[in-house]
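Asker: Below you'll find target-v1.pdb; it's PDB, C-alpha atoms and all ligand atoms.
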```pdb
ATOM      1  CA  MET A   1      62.596 121.605 120.652  1.00  0.00           C
ATOM      2  CA  THR A   2      59.557 122.482 118.531  1.00  0.00           C
ATOM      3  CA  ILE A   3      60.099 120.345 115.500  1.00  0.00           C
ATOM      4  CA  ARG A   4      57.545 118.913 113.113  1.00  0.00           C
ATOM      5  CA  THR A   5      59.754 116.823 110.820  1.00  0.00           C
ATOM      6  CA  CYS A   6      61.898 113.929 111.938  1.00  0.00           C
ATOM      7  CA  ILE A   7      64.220 112.263 109.415  1.00  0.00           C
ATOM      8  CA  PHE A   8      65.969 108.951 109.937  1.00  0.00           C
ATOM      9  CA  ASP A   9      69.028 107.375 108.464  1.00  0.00           C
ATOM     10  CA  ALA A  10      68.206 103.781 107.521  1.00  0.00           C
ATOM     11  CA  TYR A  11      71.085 101.320 107.815  1.00  0.00           C
ATOM     12  CA  GLY A  12      72.437 101.026 111.329  1.00  0.00           C
ATOM     13  CA  THR A  13      69.805 103.467 112.636  1.00  0.00           C
ATOM     14  CA  LEU A  14      66.416 101.842 111.915  1.00  0.00           C
ATOM     15  CA  PHE A  15      67.717  98.570 110.455  1.00  0.00           C
ATOM     16  CA  ASP A  16      70.297  96.331 112.085  1.00  0.00           C
ATOM     17  CA  VAL A  17      73.029  95.877 109.454  1.00  0.00           C
ATOM     18  CA  ALA A  18      74.695  93.088 111.440  1.00  0.00           C
ATOM     19  CA  ALA A  19      71.493  91.026 111.278  1.00  0.00           C
ATOM     20  CA  ALA A  20      72.292  89.516 107.856  1.00  0.00           C
ATOM     21  CA  ALA A  21      75.605  87.942 108.925  1.00  0.00           C
ATOM     22  CA  ARG A  22      74.215  87.017 112.367  1.00  0.00           C
ATOM     23  CA  SER A  23      71.174  85.251 110.858  1.00  0.00           C
ATOM     24  CA  ALA A  24      73.146  83.466 108.126  1.00  0.00           C
ATOM     25  CA  ALA A  25      75.668  82.257 110.726  1.00  0.00           C
ATOM     26  CA  ALA A  26      72.853  80.622 112.704  1.00  0.00           C
ATOM     27  CA  GLU A  27      71.567  78.624 109.718  1.00  0.00           C
ATOM     28  CA  PRO A  28      72.456  74.921 109.288  1.00  0.00           C
ATOM     29  CA  GLY A  29      75.637  74.361 107.269  1.00  0.00           C
ATOM     30  CA  SER A  30      77.104  77.795 108.121  1.00  0.00           C
ATOM     31  CA  GLU A  31      79.887  76.611 110.420  1.00  0.00           C
ATOM     32  CA  ALA A  32      82.615  78.545 108.552  1.00  0.00           C
ATOM     33  CA  LEU A  33      80.669  81.806 108.860  1.00  0.00           C
ATOM     34  CA  ALA A  34      79.606  81.061 112.452  1.00  0.00           C
ATOM     35  CA  ALA A  35      83.268  81.180 113.515  1.00  0.00           C
ATOM     36  CA  VAL A  36      83.883  84.651 112.061  1.00  0.00           C
ATOM     37  CA  TRP A  37      80.542  86.377 111.482  1.00  0.00           C
ATOM     38  CA  PRO A  38      81.186  89.458 113.697  1.00  0.00           C
ATOM     39  CA  VAL A  39      84.374  90.223 111.743  1.00  0.00           C
ATOM     40  CA  VAL A  40      82.595  89.665 108.427  1.00  0.00           C
ATOM     41  CA  ALA A  41      79.734  91.952 109.492  1.00  0.00           C
ATOM     42  CA  GLU A  42      82.157  94.664 110.647  1.00  0.00           C
ATOM     43  CA  ASN A  43      84.333  94.509 107.513  1.00  0.00           C
ATOM     44  CA  TRP A  44      81.287  94.361 105.228  1.00  0.00           C
ATOM     45  CA  ARG A  45      79.819  97.527 106.727  1.00  0.00           C
ATOM     46  CA  ARG A  46      83.153  99.365 106.901  1.00  0.00           C
ATOM     47  CA  LYS A  47      84.012  98.642 103.275  1.00  0.00           C
ATOM     48  CA  GLN A  48      80.494  99.434 102.063  1.00  0.00           C
ATOM     49  CA  LEU A  49      80.773 102.889 103.662  1.00  0.00           C
ATOM     50  CA  GLU A  50      84.372 103.499 102.586  1.00  0.00           C
ATOM     51  CA  TYR A  51      83.435 102.689  98.991  1.00  0.00           C
ATOM     52  CA  SER A  52      80.481 105.103  99.194  1.00  0.00           C
ATOM     53  CA  TRP A  53      82.701 107.949 100.436  1.00  0.00           C
ATOM     54  CA  LEU A  54      85.496 107.185  97.963  1.00  0.00           C
ATOM     55  CA  ARG A  55      83.101 107.037  95.048  1.00  0.00           C
ATOM     56  CA  ALA A  56      81.608 110.389  96.114  1.00  0.00           C
ATOM     57  CA  VAL A  57      85.102 111.947  96.166  1.00  0.00           C
ATOM     58  CA  MET A  58      86.077 110.263  92.886  1.00  0.00           C
ATOM     59  CA  GLY A  59      82.850 111.386  91.191  1.00  0.00           C
ATOM     60  CA  VAL A  60      82.109 107.785  90.161  1.00  0.00           C
ATOM     61  CA  HIS A  61      78.648 107.091  91.515  1.00  0.00           C
ATOM     62  CA  CYS A  62      76.925 103.733  91.556  1.00  0.00           C
ATOM     63  CA  ASP A  63      73.955 102.658  93.595  1.00  0.00           C
ATOM     64  CA  PHE A  64      74.246 101.451  97.196  1.00  0.00           C
ATOM     65  CA  TRP A  65      73.596  97.867  96.144  1.00  0.00           C
ATOM     66  CA  GLN A  66      76.853  97.869  94.176  1.00  0.00           C
ATOM     67  CA  VAL A  67      78.931  99.058  97.156  1.00  0.00           C
ATOM     68  CA  THR A  68      77.046  96.570  99.342  1.00  0.00           C
ATOM     69  CA  GLU A  69      78.107  93.732  97.031  1.00  0.00           C
ATOM     70  CA  ASP A  70      81.663  95.076  96.712  1.00  0.00           C
ATOM     71  CA  GLY A  71      82.007  95.448 100.486  1.00  0.00           C
ATOM     72  CA  LEU A  72      80.787  91.896 101.040  1.00  0.00           C
ATOM     73  CA  ASP A  73      83.223  90.510  98.464  1.00  0.00           C
ATOM     74  CA  TRP A  74      86.103  92.236 100.277  1.00  0.00           C
ATOM     75  CA  ALA A  75      84.900  91.021 103.677  1.00  0.00           C
ATOM     76  CA  MET A  76      84.430  87.425 102.541  1.00  0.00           C
ATOM     77  CA  GLU A  77      87.848  87.301 100.914  1.00  0.00           C
ATOM     78  CA  ALA A  78      89.472  88.827 104.017  1.00  0.00           C
ATOM     79  CA  SER A  79      87.953  85.982 106.090  1.00  0.00           C
ATOM     80  CA  HIS A  80      88.843  83.322 103.467  1.00  0.00           C
ATOM     81  CA  LEU A  81      85.197  82.565 102.735  1.00  0.00           C
ATOM     82  CA  ALA A  82      84.893  81.590  99.068  1.00  0.00           C
ATOM     83  CA  ASP A  83      81.319  80.308  98.902  1.00  0.00           C
ATOM     84  CA  PRO A  84      78.941  81.642  96.218  1.00  0.00           C
ATOM     85  CA  ASP A  85      75.865  80.224  97.979  1.00  0.00           C
ATOM     86  CA  LEU A  86      76.825  81.960 101.232  1.00  0.00           C
ATOM     87  CA  ARG A  87      77.408  85.212  99.332  1.00  0.00           C
ATOM     88  CA  ALA A  88      73.963  84.946  97.739  1.00  0.00           C
ATOM     89  CA  ARG A  89      72.348  84.165 101.100  1.00  0.00           C
ATOM     90  CA  LEU A  90      74.013  87.137 102.851  1.00  0.00           C
ATOM     91  CA  LEU A  91      72.938  89.476 100.059  1.00  0.00           C
ATOM     92  CA  ALA A  92      69.374  88.130 100.113  1.00  0.00           C
ATOM     93  CA  LEU A  93      69.178  88.758 103.862  1.00  0.00           C
ATOM     94  CA  TYR A  94      70.189  92.408 103.300  1.00  0.00           C
ATOM     95  CA  TRP A  95      66.790  92.947 101.657  1.00  0.00           C
ATOM     96  CA  GLU A  96      64.972  91.898 104.798  1.00  0.00           C
ATOM     97  CA  LEU A  97      67.062  93.321 107.633  1.00  0.00           C
ATOM     98  CA  ALA A  98      65.394  93.392 111.028  1.00  0.00           C
ATOM     99  CA  ALA A  99      64.492  96.773 112.478  1.00  0.00           C
ATOM    100  CA  TYR A 100      65.820  97.445 115.965  1.00  0.00           C
ATOM    101  CA  PRO A 101      63.157  96.349 118.476  1.00  0.00           C
ATOM    102  CA  GLU A 102      62.217  99.842 119.673  1.00  0.00           C
ATOM    103  CA  VAL A 103      61.621 101.224 116.148  1.00  0.00           C
ATOM    104  CA  PRO A 104      57.885 100.523 115.543  1.00  0.00           C
ATOM    105  CA  GLN A 105      56.801 101.901 118.932  1.00  0.00           C
ATOM    106  CA  MET A 106      59.078 104.943 118.613  1.00  0.00           C
ATOM    107  CA  LEU A 107      57.703 105.804 115.146  1.00  0.00           C
ATOM    108  CA  ALA A 108      54.126 105.272 116.346  1.00  0.00           C
ATOM    109  CA  ALA A 109      54.770 107.654 119.272  1.00  0.00           C
ATOM    110  CA  LEU A 110      56.103 110.336 116.908  1.00  0.00           C
ATOM    111  CA  LYS A 111      53.131 109.964 114.557  1.00  0.00           C
ATOM    112  CA  ALA A 112      50.698 110.098 117.502  1.00  0.00           C
ATOM    113  CA  ARG A 113      52.249 113.447 118.439  1.00  0.00           C
ATOM    114  CA  GLY A 114      51.797 114.877 114.929  1.00  0.00           C
ATOM    115  CA  MET A 115      55.354 114.500 113.631  1.00  0.00           C
ATOM    116  CA  GLN A 116      56.166 114.060 109.937  1.00  0.00           C
ATOM    117  CA  THR A 117      58.578 111.144 109.561  1.00  0.00           C
ATOM    118  CA  ALA A 118      60.775 109.979 106.701  1.00  0.00           C
ATOM    119  CA  ILE A 119      63.914 108.036 105.837  1.00  0.00           C
ATOM    120  CA  LEU A 120      66.872 109.696 104.096  1.00  0.00           C
ATOM    121  CA  SER A 121      69.323 107.008 103.039  1.00  0.00           C
ATOM    122  CA  ASN A 122      72.152 106.018 100.769  1.00  0.00           C
ATOM    123  CA  GLY A 123      70.043 102.970  99.896  1.00  0.00           C
ATOM    124  CA  SER A 124      68.256 102.746  96.569  1.00  0.00           C
ATOM    125  CA  LEU A 125      64.462 102.987  96.715  1.00  0.00           C
ATOM    126  CA  ALA A 126      64.215  99.270  95.881  1.00  0.00           C
ATOM    127  CA  MET A 127      66.497  98.293  98.781  1.00  0.00           C
ATOM    128  CA  LEU A 128      64.712 100.616 101.188  1.00  0.00           C
ATOM    129  CA  ASP A 129      61.319  99.366 100.062  1.00  0.00           C
ATOM    130  CA  GLY A 130      62.405  95.802 100.894  1.00  0.00           C
ATOM    131  CA  ALA A 131      63.650  96.749 104.361  1.00  0.00           C
ATOM    132  CA  VAL A 132      60.627  98.943 105.188  1.00  0.00           C
ATOM    133  CA  ARG A 133      58.195  96.212 104.091  1.00  0.00           C
ATOM    134  CA  SER A 134      59.998  93.500 105.978  1.00  0.00           C
ATOM    135  CA  ALA A 135      60.058  95.629 109.147  1.00  0.00           C
ATOM    136  CA  GLY A 136      56.369  96.507 108.655  1.00  0.00           C
ATOM    137  CA  ILE A 137      56.920 100.234 109.274  1.00  0.00           C
ATOM    138  CA  GLY A 138      55.660 101.699 105.966  1.00  0.00           C
ATOM    139  CA  ALA A 139      52.466 103.092 107.506  1.00  0.00           C
ATOM    140  CA  LEU A 140      54.546 105.004 110.094  1.00  0.00           C
ATOM    141  CA  LEU A 141      56.597 106.898 107.490  1.00  0.00           C
ATOM    142  CA  ASP A 142      55.444 109.836 105.358  1.00  0.00           C
ATOM    143  CA  ASP A 143      58.165 109.292 102.772  1.00  0.00           C
ATOM    144  CA  VAL A 144      61.362 107.452 101.883  1.00  0.00           C
ATOM    145  CA  LEU A 145      64.065 109.587 100.248  1.00  0.00           C
ATOM    146  CA  SER A 146      67.058 108.054  98.486  1.00  0.00           C
ATOM    147  CA  VAL A 147      70.373 109.592  97.425  1.00  0.00           C
ATOM    148  CA  GLU A 148      69.655 108.101  94.009  1.00  0.00           C
ATOM    149  CA  SER A 149      67.673 111.241  93.127  1.00  0.00           C
ATOM    150  CA  VAL A 150      70.872 113.327  93.390  1.00  0.00           C
ATOM    151  CA  GLY A 151      73.466 110.719  92.352  1.00  0.00           C
ATOM    152  CA  VAL A 152      75.950 111.180  95.202  1.00  0.00           C
ATOM    153  CA  PHE A 153      76.270 109.583  98.633  1.00  0.00           C
ATOM    154  CA  LYS A 154      76.097 111.128 102.098  1.00  0.00           C
ATOM    155  CA  PRO A 155      77.466 113.288 103.579  1.00  0.00           C
ATOM    156  CA  HIS A 156      77.213 115.490 100.457  1.00  0.00           C
ATOM    157  CA  ALA A 157      75.030 118.532 101.205  1.00  0.00           C
ATOM    158  CA  ARG A 158      72.910 117.826  98.093  1.00  0.00           C
ATOM    159  CA  VAL A 159      71.623 114.723  99.861  1.00  0.00           C
ATOM    160  CA  TYR A 160      70.476 116.575 102.996  1.00  0.00           C
ATOM    161  CA  ALA A 161      68.850 119.231 100.798  1.00  0.00           C
ATOM    162  CA  LEU A 162      66.416 116.553  99.566  1.00  0.00           C
ATOM    163  CA  VAL A 163      64.695 116.890 102.945  1.00  0.00           C
ATOM    164  CA  THR A 164      64.255 120.662 102.924  1.00  0.00           C
ATOM    165  CA  GLU A 165      62.976 120.445  99.331  1.00  0.00           C
ATOM    166  CA  ARG A 166      60.522 117.614 100.055  1.00  0.00           C
ATOM    167  CA  PHE A 167      59.115 119.162 103.238  1.00  0.00           C
ATOM    168  CA  ALA A 168      59.464 122.810 102.116  1.00  0.00           C
ATOM    169  CA  CYS A 169      61.172 123.817 105.339  1.00  0.00           C
ATOM    170  CA  ARG A 170      64.381 125.285 106.720  1.00  0.00           C
ATOM    171  CA  PRO A 171      67.144 122.964 107.967  1.00  0.00           C
ATOM    172  CA  ASP A 172      66.657 124.109 111.560  1.00  0.00           C
ATOM    173  CA  GLU A 173      63.035 122.942 111.422  1.00  0.00           C
ATOM    174  CA  VAL A 174      64.193 119.336 110.941  1.00  0.00           C
ATOM    175  CA  VAL A 175      65.596 116.854 113.393  1.00  0.00           C
ATOM    176  CA  PHE A 176      67.865 114.294 111.759  1.00  0.00           C
ATOM    177  CA  VAL A 177      68.569 111.014 113.528  1.00  0.00           C
ATOM    178  CA  SER A 178      71.481 108.729 112.686  1.00  0.00           C
ATOM    179  CA  SER A 179      73.546 106.097 114.433  1.00  0.00           C
ATOM    180  CA  ASN A 180      76.412 106.875 112.070  1.00  0.00           C
ATOM    181  CA  GLY A 181      78.480 109.601 113.755  1.00  0.00           C
ATOM    182  CA  TRP A 182      79.810 110.915 110.420  1.00  0.00           C
ATOM    183  CA  ASP A 183      76.239 111.153 109.041  1.00  0.00           C
ATOM    184  CA  ALA A 184      75.013 112.992 112.139  1.00  0.00           C
ATOM    185  CA  ALA A 185      78.002 115.356 111.789  1.00  0.00           C
ATOM    186  CA  GLY A 186      77.255 115.919 108.083  1.00  0.00           C
ATOM    187  CA  ALA A 187      73.615 116.644 108.869  1.00  0.00           C
ATOM    188  CA  ALA A 188      74.588 119.033 111.685  1.00  0.00           C
ATOM    189  CA  GLY A 189      76.868 120.845 109.247  1.00  0.00           C
ATOM    190  CA  PHE A 190      73.925 121.232 106.859  1.00  0.00           C
ATOM    191  CA  GLY A 191      71.998 122.938 109.651  1.00  0.00           C
ATOM    192  CA  PHE A 192      69.649 120.188 110.841  1.00  0.00           C
ATOM    193  CA  ARG A 193      69.141 119.623 114.521  1.00  0.00           C
ATOM    194  CA  THR A 194      70.732 116.256 114.978  1.00  0.00           C
ATOM    195  CA  VAL A 195      70.546 113.254 117.267  1.00  0.00           C
ATOM    196  CA  TRP A 196      73.368 110.740 117.213  1.00  0.00           C
ATOM    197  CA  VAL A 197      72.169 107.295 118.313  1.00  0.00           C
ATOM    198  CA  ASN A 198      75.399 106.019 119.740  1.00  0.00           C
ATOM    199  CA  ARG A 199      74.448 102.375 120.232  1.00  0.00           C
ATOM    200  CA  ALA A 200      78.049 101.210 120.521  1.00  0.00           C
ATOM    201  CA  GLY A 201      79.238 103.890 122.973  1.00  0.00           C
ATOM    202  CA  LEU A 202      81.807 105.229 120.491  1.00  0.00           C
ATOM    203  CA  PRO A 203      83.755 108.473 120.874  1.00  0.00           C
ATOM    204  CA  PRO A 204      82.427 111.367 118.757  1.00  0.00           C
ATOM    205  CA  ASP A 205      83.795 111.810 115.256  1.00  0.00           C
ATOM    206  CA  ARG A 206      86.280 114.653 114.849  1.00  0.00           C
ATOM    207  CA  LEU A 207      84.511 116.462 112.008  1.00  0.00           C
ATOM    208  CA  PRO A 208      83.633 120.138 111.388  1.00  0.00           C
ATOM    209  CA  ALA A 209      80.149 119.895 112.955  1.00  0.00           C
ATOM    210  CA  THR A 210      78.872 118.099 116.037  1.00  0.00           C
ATOM    211  CA  PRO A 211      75.440 116.514 116.692  1.00  0.00           C
ATOM    212  CA  GLN A 212      73.441 118.393 119.350  1.00  0.00           C
ATOM    213  CA  HIS A 213      72.109 115.320 121.129  1.00  0.00           C
ATOM    214  CA  GLN A 214      73.227 111.803 121.837  1.00  0.00           C
ATOM    215  CA  LEU A 215      71.061 108.796 122.763  1.00  0.00           C
ATOM    216  CA  SER A 216      71.971 105.169 123.362  1.00  0.00           C
ATOM    217  CA  ASN A 217      68.921 103.888 121.435  1.00  0.00           C
ATOM    218  CA  LEU A 218      65.771 105.273 119.803  1.00  0.00           C
ATOM    219  CA  SER A 219      63.308 104.690 122.621  1.00  0.00           C
ATOM    220  CA  GLN A 220      63.947 108.081 124.273  1.00  0.00           C
ATOM    221  CA  LEU A 221      63.648 110.009 121.007  1.00  0.00           C
ATOM    222  CA  PRO A 222      59.944 111.009 121.182  1.00  0.00           C
ATOM    223  CA  ASP A 223      60.390 112.625 124.616  1.00  0.00           C
ATOM    224  CA  LEU A 224      63.540 114.400 123.469  1.00  0.00           C
ATOM    225  CA  ILE A 225      62.109 116.009 120.351  1.00  0.00           C
ATOM    226  CA  VAL A 226      58.388 116.509 121.006  1.00  0.00           C
ATOM    227  CA  SER A 227      57.779 119.266 123.494  1.00  0.00           C
TER
HETATM  228  C1  LIG A 301      72.250 105.072 105.091  1.00  0.00           C
HETATM  229  C2  LIG A 301      73.599 104.577 105.519  1.00  0.00           C
HETATM  230  C3  LIG A 301      74.543 105.662 105.794  1.00  0.00           C
HETATM  231  O1  LIG A 301      71.230 104.427 105.355  1.00  0.00           O
HETATM  232  O2  LIG A 301      73.510 103.818 106.640  1.00  0.00           O
HETATM  233  O3  LIG A 301      72.232 106.134 104.461  1.00  0.00           O
END
```
Can you turn what I pasted into structure tokens?
Ligand code: LAC
Answerer:
Amino acid sequence: MTIRTCIFDAYGTLFDVAAAARSAAAEPGSEALAAVWPVVAENWRRKQLEYSWLRAVMGVHCDFWQVTEDGLDWAMEASHLADPDLRARLLALYWELAAYPEVPQMLAALKARGMQTAILSNGSLAMLDGAVRSAGIGALLDDVLSVESVGVFKPHARVYALVTERFACRPDEVVFVSSNGWDAAGAAGFGFRTVWVNRAGLPPDRLPATPQHQLSNLSQLPDLIVS
């Protein structure tokens, strides 16, 4: 591939969305969460995404923080966790999610090889700013693009078009990287070259477009996309 622009999804791809529940569960006094945190993390993420898709279909947009709060409220109630302090702690941790360990080195390798890099995410710019700062990867990104500038969530084509507008390029000059199979499929349908980071070894989503490449983590990405 001869590609000069590499775009990353944020949550689940660069930032570990399970880290908030995992970290809170390890804190003193979190015995109730410790017993169920993987289920809470899974339900929180699933509901957050479902609410984003449903709101896009319903034409009732809100920012990603709202669906993040709504998803957590559903997940906590489903696990019979009624604890306002725990809710506040989980939400606070979402602003400082850990990046996956290979991320800084992978981004540095892309930059060293002359690649333009950016995030394209459902997250609001404030949320993304918090995560980028806490991961210390701001200097390795040329830009951070949020769906908030178009007022609809992924996988709407208007979102992916933010990239071709910002970098003044054609879709096939961009590689788009996401661990979310549906996001990689949406991006492939838009015309990006796509890499699905299939960390969990899931089957491919049955959607109208298919990602061209699949990796198990981000460490092999520079060799895949820089010729
Ligand atoms: C994002 C969600 C899809 O960062 O993870 O856009």
Asker: Taking only C-alpha atoms and all ligand atoms into account, produce a table as CSV in which each residue of chain A with an atom at most 7 Å from an atom of ligand LIG 301 (chain A) appears once, together with its shortest atom pair and the distance in Å to one decimal, ordered by chain and rising number.
Answerer:
```
residue,atom,partner,partner_atom,distance
A:Asp9,CA,A:LIG301,O1,4.8
A:Ala10,CA,A:LIG301,O1,3.8
A:Tyr11,CA,A:LIG301,O2,3.7
A:Gly12,CA,A:LIG301,O2,5.6
A:Leu120,CA,A:LIG301,O3,6.4
A:Ser121,CA,A:LIG301,O3,3.4
A:Asn122,CA,A:LIG301,O3,3.7
A:Gly123,CA,A:LIG301,O1,5.8
A:Lys154,CA,A:LIG301,O3,6.7
A:Asn180,CA,A:LIG301,C3,6.7
A:Asp183,CA,A:LIG301,C3,6.6
```
Asker: So that I can see what lies close to range 208-218 of chain A, please list as a PyMOL selection string the residues with an atom at most 6 Å from it, counting only C-alpha atoms and leaving out residues fewer than 6 positions away in the same chain.
Answerer: chain A and resi 184-185+188-189+194-199
Asker: Give me the residues near Leu81 in chain A as a ChimeraX atom specification, where near means some atom within 12 Å (using all atoms listed in the file) and where sequence neighbours in that chain fewer than 4 positions away do not count.
Answerer: /A:30-37,39-40,72-77,85-87
Asker: May I have the residues from that selection written out with C-alpha atoms, as an mmCIF file, in the coordinates of the input?
Answerer:
```cif
data_model
loop_
_atom_site.group_PDB
_atom_site.id
_atom_site.type_symbol
_atom_site.label_atom_id
_atom_site.label_comp_id
_atom_site.auth_asym_id
_atom_site.auth_seq_id
_atom_site.Cartn_x
_atom_site.Cartn_y
_atom_site.Cartn_z
ATOM 1 C CA SER A 30 77.104 77.795 108.121
ATOM 2 C CA GLU A 31 79.887 76.611 110.420
ATOM 3 C CA ALA A 32 82.615 78.545 108.552
ATOM 4 C CA LEU A 33 80.669 81.806 108.860
ATOM 5 C CA ALA A 34 79.606 81.061 112.452
ATOM 6 C CA ALA A 35 83.268 81.180 113.515
ATOM 7 C CA VAL A 36 83.883 84.651 112.061
ATOM 8 C CA TRP A 37 80.542 86.377 111.482
ATOM 9 C CA VAL A 39 84.374 90.223 111.743
ATOM 10 C CA VAL A 40 82.595 89.665 108.427
ATOM 11 C CA LEU A 72 80.787 91.896 101.040
ATOM 12 C CA ASP A 73 83.223 90.510 98.464
ATOM 13 C CA TRP A 74 86.103 92.236 100.277
ATOM 14 C CA ALA A 75 84.900 91.021 103.677
ATOM 15 C CA MET A 76 84.430 87.425 102.541
ATOM 16 C CA GLU A 77 87.848 87.301 100.914
ATOM 17 C CA ASP A 85 75.865 80.224 97.979
ATOM 18 C CA LEU A 86 76.825 81.960 101.232
ATOM 19 C CA ARG A 87 77.408 85.212 99.332
#
```
Asker: Fewer than 2 positions away in the same chain doesn't count, so skip those; otherwise give me all residues within 10 Å of Ala161 in chain A, counting only C-alpha atoms, as a ChimeraX atom specification.
Answerer: /A:150,156-159,163-166,170-171,187,190
Asker: Restrict the calculation to only C-alpha atoms, then for each residue of range 91-141 of chain A with any atom at most 12 Å from an atom of range 20-28 of chain A give the closest atom pair and their distance in Å to one decimal, rows by chain and rising residue number, as a tab-separated table.
Answerer:
```
residue	atom	partner	partner_atom	distance
A:Leu91	CA	A:Ala20	CA	7.8
A:Ala92	CA	A:Ala20	CA	8.4
A:Leu93	CA	A:Ala20	CA	5.1
A:Tyr94	CA	A:Ala20	CA	5.8
A:Trp95	CA	A:Ala20	CA	9.0
A:Glu96	CA	A:Ala20	CA	8.3
A:Leu97	CA	A:Ala20	CA	6.5
A:Ala98	CA	A:Ala20	CA	8.5
A:Ala99	CA	A:Ala20	CA	11.6
A:Ala131	CA	A:Ala20	CA	11.8
```
Asker: Could you check how far CA of Leu107 in chain A sits from CA of Leu141 in chain A, in Å to one decimal?
Answerer: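 Spanning CA of Leu107 in chain A to CA of Leu141 in chain A is a straight-line distance of 7.8 Å.
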Asker: On this structure, the PyMOL selection byres (((chain A and resi 224) around 10) and not hetatm) would catch which residues? List them as a PyMOL selection string, sorted by chain and number.
Answerer: chain A and resi 1+195+213+215+219-223+225-227
Asker: Taking into account all atoms listed in the file, which residue in the set A:Phe153, A:Phe64, A:Tyr160, A:Phe8 is nearest to Met127 in chain A?
Answerer: A:Phe64
Asker: For Pro204 in chain A, find every residue with an atom within 7 Å (counting all atoms listed in the file), except residues of its own chain fewer than 2 positions away, and show them as a list in words.
Answerer: Gly181, Leu202 and Arg206 of chain A
Asker: Could you dump the residues just selected with C-alpha atoms as a CSV table (one decimal), keeping the file's coordinate frame?
Answerer:
```csv
chain,number,residue,atom,x,y,z
A,181,GLY,CA,78.5,109.6,113.8
A,202,LEU,CA,81.8,105.2,120.5
A,206,ARG,CA,86.3,114.7,114.8
```
Asker: Show me as a short mmCIF file (atom, residue, chain, number, x, y, z; two decimals) with C-alpha atoms, keeping the file's coordinate frame the residues that reach within 12 Å of (83.0, 96.5, 107.4), counting only C-alpha atoms and using the file's own coordinates.
Answerer:
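Below you can see result.cif, which holds the result:
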```
data_model
loop_
_atom_site.label_atom_id
_atom_site.label_comp_id
_atom_site.auth_asym_id
_atom_site.auth_seq_id
_atom_site.Cartn_x
_atom_site.Cartn_y
_atom_site.Cartn_z
CA VAL A 17 73.03 95.88 109.45
CA ALA A 18 74.69 93.09 111.44
CA ALA A 21 75.60 87.94 108.92
CA TRP A 37 80.54 86.38 111.48
CA PRO A 38 81.19 89.46 113.70
CA VAL A 39 84.37 90.22 111.74
CA VAL A 40 82.60 89.66 108.43
CA ALA A 41 79.73 91.95 109.49
CA GLU A 42 82.16 94.66 110.65
CA ASN A 43 84.33 94.51 107.51
CA TRP A 44 81.29 94.36 105.23
CA ARG A 45 79.82 97.53 106.73
CA ARG A 46 83.15 99.36 106.90
CA LYS A 47 84.01 98.64 103.28
CA GLN A 48 80.49 99.43 102.06
CA LEU A 49 80.77 102.89 103.66
CA GLU A 50 84.37 103.50 102.59
CA TYR A 51 83.44 102.69 98.99
CA VAL A 67 78.93 99.06 97.16
CA THR A 68 77.05 96.57 99.34
CA GLU A 69 78.11 93.73 97.03
CA ASP A 70 81.66 95.08 96.71
CA GLY A 71 82.01 95.45 100.49
CA LEU A 72 80.79 91.90 101.04
CA ASP A 73 83.22 90.51 98.46
CA TRP A 74 86.10 92.24 100.28
CA ALA A 75 84.90 91.02 103.68
CA MET A 76 84.43 87.42 102.54
CA ALA A 78 89.47 88.83 104.02
CA SER A 79 87.95 85.98 106.09
#
```
Asker: Out of A:Val175, A:Ile119, A:Ala108, A:Leu162, which residue has the shortest atom-to-atom distance to Thr13 in chain A when counting all atoms listed in the file?
Answerer: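 Ranking A:Val175, A:Ile119, A:Ala108, A:Leu162 by distance to Thr13 in chain A, first place goes to A:Ile119.
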Asker: May I ask for the distance between CA of Thr117 in chain A and CA of Asp142 in chain A, given in Å to one decimal place?
Answerer: 5.4 Å
Asker: Any chance you could model N, CA, C and O atoms for range 59-65 of chain A and send them as a short mmCIF file (atom, residue, chain, number, x, y, z; two decimals), keeping the file's coordinate frame?
Answerer:
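After the write, out05.cif holds the following:
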```cif
data_model
loop_
_atom_site.label_atom_id
_atom_site.label_comp_id
_atom_site.auth_asym_id
_atom_site.auth_seq_id
_atom_site.Cartn_x
_atom_site.Cartn_y
_atom_site.Cartn_z
N GLY A 59 83.86 111.02 92.19
CA GLY A 59 82.85 111.39 91.19
C GLY A 59 82.43 110.20 90.33
O GLY A 59 82.07 110.36 89.17
N VAL A 60 82.49 108.99 90.92
CA VAL A 60 82.11 107.78 90.16
C VAL A 60 80.97 107.10 90.93
O VAL A 60 81.20 106.14 91.68
N HIS A 61 79.77 107.61 90.74
CA HIS A 61 78.65 107.09 91.52
C HIS A 61 78.16 105.74 90.98
O HIS A 61 78.26 105.46 89.78
N CYS A 62 77.67 104.95 91.91
CA CYS A 62 76.92 103.73 91.56
C CYS A 62 75.85 103.64 92.62
O CYS A 62 75.85 104.44 93.55
N ASP A 63 74.94 102.68 92.52
CA ASP A 63 73.96 102.66 93.60
C ASP A 63 74.49 101.87 94.81
O ASP A 63 75.55 101.25 94.74
N PHE A 64 73.75 101.99 95.92
CA PHE A 64 74.25 101.45 97.20
C PHE A 64 74.31 99.93 97.15
O PHE A 64 75.07 99.32 97.90
N TRP A 65 73.53 99.32 96.26
CA TRP A 65 73.60 97.87 96.14
C TRP A 65 74.97 97.43 95.65
O TRP A 65 75.54 96.45 96.12
#
```
